[in-house]
file entry.cif (mmCIF, C-alpha atoms and all ligand atoms)
data_upload
#
loop_
_atom_site.label_atom_id
_atom_site.label_comp_id
_atom_site.auth_asym_id
_atom_site.auth_seq_id
_atom_site.Cartn_x
_atom_site.Cartn_y
_atom_site.Cartn_z
CA MET M 16 -1.23 19.94 -20.88
CA SER M 17 1.69 20.86 -23.06
CA SER M 18 1.54 18.47 -26.00
CA LYS M 19 -1.21 18.04 -28.55
CA ALA M 20 -1.50 14.33 -27.78
CA ASP M 21 -2.04 15.07 -24.09
CA SER M 22 -4.93 17.42 -24.77
CA ALA M 23 -6.85 14.82 -26.77
CA LEU M 24 -9.91 13.24 -25.19
CA LYS M 25 -9.54 9.49 -24.75
CA ALA M 26 -11.88 6.85 -23.39
CA VAL M 27 -12.05 3.26 -22.21
CA ILE M 28 -15.42 1.92 -23.34
CA ASN M 29 -17.53 -1.25 -23.11
CA ALA M 30 -16.60 -2.26 -19.53
CA SER M 31 -18.93 -5.06 -18.40
CA GLU M 32 -18.50 -3.49 -14.94
CA LEU M 33 -16.92 -0.08 -14.46
CA VAL M 34 -15.98 -0.34 -10.78
CA THR M 35 -15.80 3.33 -9.76
CA ALA M 36 -15.23 2.67 -6.00
CA HIS M 37 -15.80 6.39 -5.51
CA ALA M 38 -16.26 8.12 -2.15
CA LEU M 39 -15.33 11.47 -0.62
CA LYS M 40 -14.19 9.86 2.64
CA PRO M 41 -12.98 6.37 3.60
CA LYS M 42 -15.75 3.80 3.17
CA THR M 43 -16.94 2.28 6.44
CA GLY M 44 -19.67 -0.18 7.52
CA GLU M 45 -22.28 -0.79 4.80
CA ALA M 46 -20.58 1.61 2.37
CA LEU M 47 -17.57 -0.72 2.22
CA SER M 48 -19.77 -3.17 0.30
CA ASP M 49 -20.72 -0.63 -2.38
CA LEU M 50 -18.42 -0.67 -5.42
CA GLY M 51 -20.36 1.97 -7.38
CA ILE M 52 -20.51 -0.28 -10.45
CA ILE M 53 -21.67 1.15 -13.80
CA LYS M 54 -22.73 -1.66 -16.16
CA ASN M 55 -21.48 -1.31 -19.74
CA GLY M 56 -19.46 1.60 -18.42
CA ALA M 57 -16.93 3.97 -19.89
CA VAL M 58 -14.37 6.39 -18.52
CA VAL M 59 -13.36 9.51 -20.46
CA TYR M 60 -10.00 11.12 -19.71
CA GLN M 61 -7.77 13.89 -20.95
CA GLY M 62 -4.06 14.09 -20.25
CA ASP M 63 -3.56 12.56 -16.81
CA SER M 64 -7.07 13.28 -15.47
CA ILE M 65 -10.49 11.68 -15.66
CA VAL M 66 -13.12 13.90 -17.30
CA ASP M 67 -16.26 11.81 -16.75
CA VAL M 68 -17.64 8.33 -16.12
CA GLY M 69 -20.97 6.81 -17.17
CA THR M 70 -22.44 4.20 -19.46
CA THR M 71 -20.69 3.74 -22.79
CA GLU M 72 -23.79 5.02 -24.57
CA GLU M 73 -23.94 8.21 -22.45
CA MET M 74 -20.24 8.92 -22.75
CA LEU M 75 -20.16 8.49 -26.54
CA GLN M 76 -23.19 10.77 -26.92
CA LYS M 77 -21.65 13.45 -24.73
CA TYR M 78 -18.02 13.34 -25.96
CA GLN M 79 -16.11 12.64 -29.16
CA PRO M 80 -12.91 10.99 -27.92
CA SER M 81 -10.14 10.90 -30.50
CA SER M 82 -8.88 7.58 -29.20
CA LEU M 83 -10.81 4.65 -27.77
CA ILE M 84 -9.71 1.57 -25.88
CA ASP M 85 -12.36 -1.12 -26.14
CA ALA M 86 -12.50 -3.11 -22.89
CA GLY M 87 -14.48 -5.72 -24.81
CA GLY M 88 -16.91 -6.57 -22.00
CA ARG M 89 -14.24 -6.86 -19.31
CA VAL M 90 -14.02 -5.42 -15.78
CA VAL M 91 -12.44 -1.95 -15.46
CA MET M 92 -11.28 -0.62 -12.09
CA PRO M 93 -9.08 2.09 -10.57
CA GLY M 94 -5.42 1.09 -10.22
CA PHE M 95 -4.61 -0.53 -6.89
CA VAL M 96 -3.07 1.63 -4.19
CA ASP M 97 -0.58 -0.32 -2.05
CA PRO M 98 -0.26 1.80 1.13
CA HIS M 99 2.34 -0.24 3.07
CA THR M 100 5.56 -1.65 1.60
CA HIS M 101 9.23 -1.94 2.49
CA LEU M 102 10.14 -1.56 -1.17
CA VAL M 103 13.76 -0.43 -0.95
CA HIS M 104 16.04 -3.21 0.33
CA MET M 105 18.64 -5.72 -0.76
CA GLY M 106 18.81 -9.48 -0.33
CA SER M 107 16.38 -12.33 -0.05
CA ARG M 108 15.38 -14.31 3.02
CA HIS M 109 13.96 -17.35 1.25
CA GLU M 110 16.43 -19.64 3.05
CA GLU M 111 15.38 -18.33 6.48
CA TYR M 112 11.78 -18.95 5.40
CA GLU M 113 12.54 -22.63 4.90
CA CYS M 114 13.68 -22.75 8.57
CA LYS M 115 10.30 -21.27 9.42
CA ILE M 116 8.53 -23.95 7.40
CA ALA M 117 10.50 -26.46 9.51
CA GLY M 118 8.99 -24.95 12.69
CA LYS M 119 10.85 -21.85 13.89
CA SER M 120 8.70 -18.85 14.95
CA TYR M 121 9.02 -15.24 13.73
CA ALA M 122 10.40 -14.32 17.16
CA ASP M 123 13.09 -17.06 16.81
CA LEU M 124 14.01 -15.80 13.35
CA HIS M 125 14.17 -12.23 14.64
CA LYS M 126 16.91 -13.43 17.05
CA ILE M 127 19.00 -15.24 14.42
CA GLY M 128 18.63 -12.80 11.55
CA GLY M 129 15.32 -11.39 10.46
CA ILE M 130 15.31 -7.65 9.91
CA ARG M 131 18.97 -7.40 10.95
CA TYR M 132 20.04 -9.66 8.06
CA THR M 133 18.24 -7.40 5.59
CA VAL M 134 19.80 -4.36 7.30
CA ALA M 135 23.31 -5.76 6.72
CA MET M 136 22.57 -6.46 3.04
CA THR M 137 20.87 -3.09 2.54
CA ARG M 138 23.67 -1.11 4.18
CA ALA M 139 26.16 -2.85 1.86
CA GLY M 140 24.10 -2.01 -1.25
CA THR M 141 24.91 1.08 -3.30
CA GLU M 142 22.21 3.60 -4.18
CA GLU M 143 22.34 2.37 -7.76
CA GLU M 144 21.93 -1.30 -6.74
CA LEU M 145 18.99 -0.44 -4.49
CA PHE M 146 17.42 1.65 -7.25
CA VAL M 147 17.75 -1.07 -9.90
CA LYS M 148 16.28 -3.75 -7.63
CA ALA M 149 13.34 -1.55 -6.60
CA MET M 150 12.66 -0.55 -10.23
CA GLY M 151 12.27 -4.26 -11.02
CA ASP M 152 9.88 -4.70 -8.09
CA LEU M 153 7.86 -1.67 -9.23
CA ASP M 154 7.62 -3.16 -12.73
CA THR M 155 6.13 -6.32 -11.19
CA MET M 156 3.69 -4.24 -9.15
CA LEU M 157 2.61 -2.35 -12.28
CA ILE M 158 2.03 -5.56 -14.24
CA TYR M 159 -0.20 -6.71 -11.36
CA GLY M 160 -2.24 -3.49 -11.44
CA THR M 161 -0.73 -1.26 -8.74
CA THR M 162 -0.41 2.42 -9.71
CA THR M 163 0.43 4.08 -6.36
CA VAL M 164 2.69 2.60 -3.69
CA GLU M 165 4.06 3.64 -0.32
CA ALA M 166 7.75 2.87 0.39
CA LYS M 167 9.30 2.87 3.85
CA SER M 168 12.92 3.24 4.84
CA GLY M 169 13.86 1.17 7.89
CA TYR M 170 16.48 -1.26 6.62
CA GLY M 171 19.28 1.28 7.02
CA LEU M 172 18.99 2.10 10.74
CA SER M 173 21.92 4.52 10.61
CA LYS M 174 21.65 8.13 9.55
CA GLU M 175 23.66 7.60 6.38
CA SER M 176 21.79 4.45 5.33
CA GLU M 177 18.31 5.72 6.16
CA LEU M 178 18.89 8.87 4.12
CA LYS M 179 20.24 6.69 1.30
CA LEU M 180 16.96 4.72 1.21
CA LEU M 181 14.86 7.90 1.22
CA ARG M 182 16.89 9.34 -1.67
CA VAL M 183 16.35 6.10 -3.63
CA ALA M 184 12.58 6.29 -3.00
CA SER M 185 12.51 9.86 -4.24
CA ARG M 186 14.40 8.88 -7.42
CA LEU M 187 12.01 5.94 -7.97
CA ASN M 188 9.06 8.33 -7.74
CA LYS M 189 10.57 10.48 -10.49
CA LYS M 190 11.66 7.62 -12.76
CA HIS M 191 8.93 4.98 -12.54
CA PRO M 192 5.33 5.42 -13.73
CA ILE M 193 4.07 4.28 -10.29
CA ASP M 194 3.75 7.10 -7.75
CA VAL M 195 6.02 6.30 -4.80
CA VAL M 196 5.05 7.86 -1.44
CA SER M 197 7.97 8.04 0.96
CA THR M 198 7.91 7.12 4.67
CA PHE M 199 10.73 7.38 7.23
CA LEU M 200 10.82 4.26 9.45
CA GLY M 201 13.99 4.77 11.48
CA ALA M 202 12.17 3.16 14.43
CA HIS M 203 11.81 -0.19 12.63
CA THR M 204 14.04 -2.18 14.97
CA VAL M 205 17.13 -1.64 17.13
CA PRO M 206 20.25 -2.31 15.02
CA GLU M 207 22.94 -4.77 16.14
CA GLU M 208 25.40 -2.08 17.27
CA PHE M 209 22.79 -0.66 19.69
CA LYS M 210 21.52 -4.00 21.00
CA ASP M 211 22.61 -3.15 24.56
CA ASN M 212 21.74 0.54 24.25
CA LYS M 213 18.17 0.92 23.03
CA ALA M 214 17.88 4.40 24.55
CA GLY M 215 20.90 5.44 22.47
CA TYR M 216 19.20 4.26 19.31
CA VAL M 217 15.92 6.02 20.15
CA LYS M 218 17.97 9.22 20.62
CA LEU M 219 19.54 8.66 17.18
CA VAL M 220 16.06 8.25 15.61
CA HIS M 221 15.11 11.67 17.02
CA GLU M 222 18.31 13.11 15.50
CA MET M 223 17.73 11.42 12.12
CA LEU M 224 14.24 12.91 11.88
CA VAL M 225 15.57 16.38 11.16
CA GLU M 226 17.35 15.33 7.96
CA ALA M 227 14.78 12.67 7.01
CA ALA M 228 11.81 15.04 7.20
CA PRO M 229 12.47 16.91 3.91
CA LEU M 230 12.79 13.57 2.07
CA ALA M 231 9.65 11.90 3.47
CA GLU M 232 5.92 12.55 3.73
CA PHE M 233 5.21 10.18 6.63
CA CYS M 234 6.97 8.96 9.77
CA ASP M 235 6.28 5.39 10.89
CA VAL M 236 7.24 3.39 14.01
CA TRP M 237 7.10 -0.31 14.95
CA CYS M 238 5.10 -0.26 18.17
CA ASP M 239 5.60 -3.84 19.37
CA ALA M 240 7.23 -5.92 22.09
CA LEU M 241 9.92 -6.74 19.48
CA GLY M 242 10.18 -3.06 18.43
CA PHE M 243 9.48 0.10 20.43
CA THR M 244 7.24 0.85 23.42
CA VAL M 245 4.12 3.00 23.29
CA ASP M 246 5.98 5.78 25.14
CA GLU M 247 8.99 5.66 22.81
CA CYS M 248 6.68 5.74 19.79
CA ARG M 249 4.61 8.61 21.20
CA GLU M 250 7.74 10.77 21.59
CA ILE M 251 9.15 9.95 18.15
CA LEU M 252 5.79 10.68 16.52
CA ALA M 253 5.45 13.97 18.43
CA ASP M 254 8.83 15.09 17.08
CA ALA M 255 7.90 13.96 13.57
CA LYS M 256 4.67 15.92 13.70
CA LYS M 257 6.54 19.08 14.71
CA LEU M 258 8.72 18.63 11.62
CA GLY M 259 5.63 18.48 9.39
CA LEU M 260 5.50 14.72 8.83
CA LYS M 261 2.21 12.81 8.81
CA LEU M 262 2.03 9.77 11.03
CA LYS M 263 1.78 5.99 10.57
CA LEU M 264 2.30 3.11 13.01
CA HIS M 265 2.88 -0.64 12.86
CA VAL M 266 0.72 -1.85 15.78
CA GLU M 267 -0.49 -4.99 17.54
CA GLN M 268 1.40 -7.35 15.23
CA THR M 269 2.90 -9.94 17.58
CA GLY M 270 0.75 -9.07 20.61
CA TRP M 271 -1.24 -6.22 22.16
CA THR M 272 0.74 -3.19 23.37
CA GLY M 273 -1.79 -0.35 23.04
CA GLY M 274 -0.51 0.91 19.69
CA GLY M 275 -4.05 1.07 18.28
CA GLU M 276 -5.10 3.36 21.12
CA LEU M 277 -1.96 5.48 20.55
CA ALA M 278 -2.77 5.82 16.82
CA GLY M 279 -6.11 7.45 17.63
CA GLU M 280 -4.56 9.63 20.33
CA VAL M 281 -1.85 11.09 18.05
CA GLY M 282 -4.13 11.48 15.00
CA ALA M 283 -2.21 9.09 12.75
CA VAL M 284 -3.28 8.72 9.12
CA SER M 285 -3.02 4.93 9.42
CA ALA M 286 -2.17 2.14 11.85
CA ASP M 287 -1.17 -1.13 10.26
CA HIS M 288 -1.14 -4.94 10.99
CA LEU M 289 -3.82 -4.95 13.77
CA ASP M 290 -3.68 -8.71 14.45
CA PHE M 291 -4.19 -8.11 18.18
CA LEU M 292 -6.20 -4.85 18.01
CA SER M 293 -8.43 -4.45 21.08
CA ALA M 294 -12.00 -3.15 21.26
CA GLY M 295 -10.52 0.02 22.78
CA GLY M 296 -8.16 0.27 19.82
CA ILE M 297 -11.07 0.03 17.38
CA THR M 298 -12.89 2.85 19.21
CA SER M 299 -9.78 5.01 19.37
CA MET M 300 -8.96 4.53 15.68
CA ARG M 301 -12.55 5.15 14.58
CA SER M 302 -12.88 8.34 16.60
CA GLY M 303 -9.40 9.53 15.57
CA GLY M 304 -10.20 8.96 11.88
CA VAL M 305 -7.31 6.49 11.55
CA VAL M 306 -7.44 4.06 8.61
CA GLY M 307 -6.52 0.51 9.68
CA ILE M 308 -4.30 -1.16 7.09
CA LEU M 309 -4.72 -4.93 7.13
CA LEU M 310 -1.81 -7.05 5.92
CA PRO M 311 -3.25 -10.53 5.34
CA GLY M 312 -0.19 -11.55 3.33
CA VAL M 313 1.81 -11.39 6.57
CA THR M 314 -0.73 -13.51 8.43
CA TYR M 315 -0.57 -16.07 5.63
CA HIS M 316 3.19 -16.01 5.05
CA LEU M 317 4.12 -16.30 8.75
CA MET M 318 1.72 -19.23 9.31
CA GLU M 319 1.01 -18.09 12.88
CA PHE M 320 -2.76 -18.10 13.14
CA LYS M 321 -2.80 -17.66 16.92
CA LYS M 322 -6.01 -15.78 16.94
CA GLU M 323 -8.86 -14.81 14.68
CA ILE M 324 -8.20 -11.25 13.52
CA ALA M 325 -11.17 -9.06 14.43
CA VAL M 326 -11.76 -7.72 10.92
CA LYS M 327 -15.54 -8.08 11.19
CA ALA M 328 -15.53 -6.18 14.50
CA MET M 329 -13.47 -3.40 12.88
CA ILE M 330 -15.85 -3.07 9.92
CA ASP M 331 -19.02 -3.44 12.02
CA GLY M 332 -17.52 -0.99 14.53
CA GLY M 333 -17.34 1.71 11.84
CA MET M 334 -13.55 1.70 11.46
CA ALA M 335 -12.10 2.32 8.00
CA VAL M 336 -9.96 -0.56 6.73
CA ALA M 337 -7.53 -0.76 3.81
CA LEU M 338 -5.36 -3.55 2.38
CA ALA M 339 -1.65 -3.57 1.54
CA THR M 340 1.05 -6.07 0.62
CA ASP M 341 3.64 -5.10 3.29
CA TYR M 342 6.04 -6.24 0.53
CA ASN M 343 9.35 -7.07 2.26
CA PRO M 344 11.90 -9.91 2.20
CA GLY M 345 10.97 -11.42 5.57
CA THR M 346 7.31 -11.38 6.47
CA CYS M 347 5.47 -10.99 3.17
CA ARG M 348 7.21 -11.48 -0.11
CA THR M 349 4.66 -10.56 -2.72
CA GLN M 350 4.36 -7.47 -4.89
CA SER M 351 0.84 -8.48 -5.99
CA MET M 352 -2.22 -6.72 -4.59
CA GLN M 353 -4.34 -9.38 -6.32
CA ALA M 354 -2.67 -11.97 -4.03
CA ILE M 355 -3.58 -9.76 -1.05
CA LEU M 356 -7.25 -9.49 -2.08
CA GLU M 357 -7.40 -13.27 -2.50
CA THR M 358 -5.85 -13.78 0.94
CA ALA M 359 -8.06 -11.17 2.65
CA CYS M 360 -11.20 -12.88 1.39
CA ARG M 361 -10.02 -16.32 2.47
CA LEU M 362 -8.36 -15.55 5.83
CA TYR M 363 -10.41 -12.55 6.98
CA ARG M 364 -13.67 -13.49 5.22
CA MET M 365 -13.95 -10.09 3.60
CA THR M 366 -16.36 -10.00 0.67
CA TYR M 367 -15.11 -9.26 -2.85
CA ALA M 368 -16.52 -5.73 -2.67
CA GLN M 369 -15.02 -5.01 0.75
CA ALA M 370 -11.59 -6.18 -0.40
CA ILE M 371 -11.68 -4.12 -3.62
CA ASN M 372 -12.76 -0.92 -1.83
CA ALA M 373 -10.07 -1.56 0.81
CA ALA M 374 -7.40 -1.89 -1.90
CA THR M 375 -8.43 1.18 -3.90
CA ILE M 376 -10.33 4.12 -2.36
CA ASN M 377 -9.63 3.30 1.31
CA ALA M 378 -5.98 2.55 0.52
CA ALA M 379 -5.78 5.98 -1.13
CA PHE M 380 -7.17 7.60 2.03
CA ALA M 381 -4.57 5.63 4.04
CA LEU M 382 -1.98 7.73 2.15
CA GLU M 383 -4.03 10.95 2.30
CA ARG M 384 -4.57 10.71 -1.45
CA GLY M 385 -8.29 9.98 -1.40
CA ASP M 386 -8.94 13.16 -3.38
CA SER M 387 -6.65 12.24 -6.29
CA VAL M 388 -6.43 8.42 -6.72
CA GLY M 389 -8.22 5.20 -5.70
CA SER M 390 -11.48 5.69 -7.61
CA LEU M 391 -12.79 6.46 -11.09
CA ALA M 392 -14.46 9.89 -10.98
CA ALA M 393 -14.20 13.26 -12.70
CA GLY M 394 -11.10 15.17 -11.65
CA LYS M 395 -9.17 12.14 -10.46
CA ARG M 396 -6.01 10.77 -11.99
CA ALA M 397 -6.50 8.53 -15.01
CA ASP M 398 -5.10 5.41 -13.30
CA ILE M 399 -7.24 2.68 -14.87
CA VAL M 400 -6.91 -1.12 -15.04
CA ILE M 401 -8.68 -3.50 -17.42
CA PHE M 402 -8.95 -7.07 -16.08
CA ASN M 403 -9.28 -10.27 -18.11
CA CYS M 404 -12.64 -11.15 -16.56
CA THR M 405 -16.27 -10.14 -16.98
CA GLU M 406 -17.19 -9.93 -13.26
CA HIS M 407 -15.05 -8.49 -10.45
CA GLY M 408 -15.46 -11.55 -8.21
CA VAL M 409 -13.66 -13.76 -10.74
CA MET M 410 -10.45 -11.80 -10.14
CA ILE M 411 -10.49 -12.95 -6.49
CA ASN M 412 -12.11 -16.37 -6.82
CA ASN M 413 -9.76 -17.56 -9.60
CA PHE M 414 -6.63 -17.19 -7.46
CA GLY M 415 -2.90 -17.38 -8.10
CA ILE M 416 -2.87 -15.88 -11.59
CA ASN M 417 -2.53 -12.34 -12.92
CA HIS M 418 -5.86 -11.07 -14.30
CA VAL M 419 -4.49 -7.71 -15.47
CA ARG M 420 -4.75 -7.04 -19.20
CA THR M 421 -4.13 -3.28 -19.50
CA VAL M 422 -2.83 -0.63 -17.10
CA ILE M 423 -3.27 3.07 -17.85
CA LYS M 424 -1.20 5.32 -15.55
CA ASN M 425 -1.68 9.09 -15.69
CA GLY M 426 -3.56 8.61 -18.96
CA ALA M 427 -0.81 6.56 -20.68
CA VAL M 428 -0.93 2.84 -21.45
CA VAL M 429 1.95 1.30 -19.46
CA VAL M 430 0.88 -2.37 -19.53
CA ASP M 431 -0.67 -3.78 -22.67
CA ASP M 432 -1.92 -7.35 -23.06
CA GLY M 433 -0.27 -8.16 -19.71
CA ARG M 434 3.18 -6.89 -20.69
CA LEU M 435 5.03 -3.68 -19.89
CA SER M 436 4.69 -1.31 -22.77
CA ARG M 437 6.56 1.70 -21.44
CA VAL M 438 10.09 2.63 -22.39
CA ASN M 439 12.33 3.27 -19.38
ZN ZN M 501 5.65 -3.20 7.54
#
call {"tool": "encode", "arguments": {"input": "entry.cif", "output": "structure tokens"}}
result
Amino acid sequence: MSSKADSALKAVINASELVTAHALKPKTGEALSDLGIIKNGAVVYQGDSIVDVGTTEEMLQKYQPSSLIDAGGRVVMPGFVDPHTHLVHMGSRHEEYECKIAGKSYADLHKIGGIRYTVAMTRAGTEEELFVKAMGDLDTMLIYGTTTVEAKSGYGLSKESELKLLRVASRLNKKHPIDVVSTFLGAHTVPEEFKDNKAGYVKLVHEMLVEAAPLAEFCDVWCDALGFTVDECREILADAKKLGLKLKLHVEQTGWTGGGELAGEVGAVSADHLDFLSAGGITSMRSGGVVGILLPGVTYHLMEFKKEIAVKAMIDGGMAVALATDYNPGTCRTQSMQAILETACRLYRMTYAQAINAATINAAFALERGDSVGSLAAGKRADIVIFNCTEHGVMINNFGINHVRTVIKNGAVVVDDGRLSRVN
């Protein structure tokens, strides 16, 4: 730590529940229900790192922090990790959504606009316009308690535009308090100009990978009847792996294609959506150590409850599950992880504890950051949220409002009394 202020010991004390959510590997089965709560807890931190956690009494006996934040009997948790978003884009599709309310399906909308509409808007946007819009979205995420977020490209679908989106994500990571993890999603959909030449576009994705790889940490593909086949995805992911990228997949969203099985086979870090995941997919993902990212906001927003999503079978089957917003203009327009927890408990019947673990420690593992964020423990980043409630379940039961009071990111207060307190 360079400055004097940074080297000072600080602490958040008097948490009615200090939800540590700590684990050394993704929580599965019974462990997913254990939040590691310390009653009347405190967290001591120095600079951007946590030094210790325990009861307030223990921590104040052991340390003499020079600055204290009194949680005043409220819930304190790790910042949310949102491991699946399409953060960088232009335009809104709220008008298209009204057509959907009137009865059109996602597949119908995909034909008349959908992703391609956002692609046209995003290609037309300058880097500065994309940056300013995404900064505003990140501010909203921060106010709602998110401190780490993944951001995919995939609305450019040309070499120039995809690289533009990755450069914007990298600038966001440097400029905004939220950590932004970058993913290349060239294989999001086939752009208009390749609509009669899918093979030509797949070839272009392979070519784009070379220049995208230095700007991204992950490579993602949309493995779906509306996107790319299992074989196309396998080849793109194999190339990505050779270039040093870690792997993610969108799978089994609009129907079963075998993407869950592929995720286990290729050793992906995560496979996301999972609405139509098969029993074989659960086995493959569990044995491959793949975290399944559930996106209940999409299920809710698209209003297509064709089938009960097998979340219980995934958890009982020993698969690790995480939660994310999938924030994007078409299929899930919310920046709020609190909204996602509320939806997961109602639509998927996850318990409060399962949802919170899935949105913190397991979400961190879904980005290969389980050793640095997602829980409150010594050595981890001081990403701490104080909620305006005395029990964690209230945050999910009392839905549709923002319960966040204070957000501490890397040891600095960035949201105070529900408002942004940082200076850009
Ligand atoms: Zn997505």
call {"tool": "residues_around", "arguments": {"input": "entry.cif", "residues": "region 295-298 of chain M", "least_positions_apart": "5", "cutoff": "12 Å", "atoms": "all atoms listed in the file", "output": "PyMOL selection string"}}
result
chain M and resi 266-267+271-280+286-287+289-290+303-307+325-336
call {"tool": "residues_near_ligand", "arguments": {"input": "entry.cif", "ligand": "ligand ZN 501 (chain M)", "cutoff": "12 Å", "atoms": "only C-alpha atoms and all ligand atoms", "output": "ChimeraX atom specification"}}
result
/M:97-102,130,165-170,198-200,202-204,235-239,242,263-268,286-289,308-313,339-348
call {"tool": "residues_around", "arguments": {"input": "entry.cif", "residues": "region 82-95 of chain M", "least_positions_apart": "3", "cutoff": "9 Å", "atoms": "only C-alpha atoms", "output": "number ranges by chain"}}
result
M: 23-36, 55-57, 79, 157, 159-164, 352-353, 371, 374-376, 378-379, 388-391, 397-407, 422-424
call {"tool": "closest_residue", "arguments": {"input": "entry.cif", "among": "M:Arg131, M:His316, M:Lys395, M:Lys148", "to": "Lys210 (chain M)", "atoms": "all atoms listed in the file"}}
result
M:Arg131
call {"tool": "closest_residue", "arguments": {"input": "entry.cif", "among": "M:Gly426, M:Leu382, M:Val134, M:Thr141", "to": "Ser197 (chain M)", "atoms": "all atoms listed in the file"}}
result
M:Leu382
call {"tool": "atom_distance", "arguments": {"input": "entry.cif", "atom1": "CA of Asn372 (chain M)", "atom2": "CA of Ser293 (chain M)"}}
result
23.6 Å
call {"tool": "decode", "arguments": {"input": "entry.cif", "residues": "region 26-44 of chain M", "atoms": "C-alpha atoms", "output": "mmCIF file, in the first residue's frame"}}
result
data_model
loop_
_atom_site.group_PDB
_atom_site.id
_atom_site.type_symbol
_atom_site.label_atom_id
_atom_site.label_comp_id
_atom_site.auth_asym_id
_atom_site.auth_seq_id
_atom_site.Cartn_x
_atom_site.Cartn_y
_atom_site.Cartn_z
ATOM 1 C CA ALA M 26 -13.529 -2.372 10.134
ATOM 2 C CA VAL M 27 -17.240 -2.808 9.591
ATOM 3 C CA ILE M 28 -18.712 -3.751 12.970
ATOM 4 C CA ASN M 29 -22.063 -4.693 14.527
ATOM 5 C CA ALA M 30 -23.457 -6.754 11.626
ATOM 6 C CA SER M 31 -26.581 -8.592 12.808
ATOM 7 C CA GLU M 32 -25.467 -11.278 10.329
ATOM 8 C CA LEU M 33 -22.027 -11.254 8.745
ATOM 9 C CA VAL M 34 -22.698 -13.511 5.753
ATOM 10 C CA THR M 35 -19.205 -14.796 4.941
ATOM 11 C CA ALA M 36 -20.315 -17.272 2.191
ATOM 12 C CA HIS M 37 -16.762 -18.601 2.296
ATOM 13 C CA ALA M 38 -15.554 -21.775 0.586
ATOM 14 C CA LEU M 39 -12.380 -22.952 -1.134
ATOM 15 C CA LYS M 40 -14.302 -24.541 -4.004
ATOM 16 C CA PRO M 41 -17.771 -23.990 -5.507
ATOM 17 C CA LYS M 42 -20.498 -24.914 -3.020
ATOM 18 C CA THR M 43 -22.551 -27.937 -4.059
ATOM 19 C CA GLY M 44 -25.367 -30.032 -2.525
#
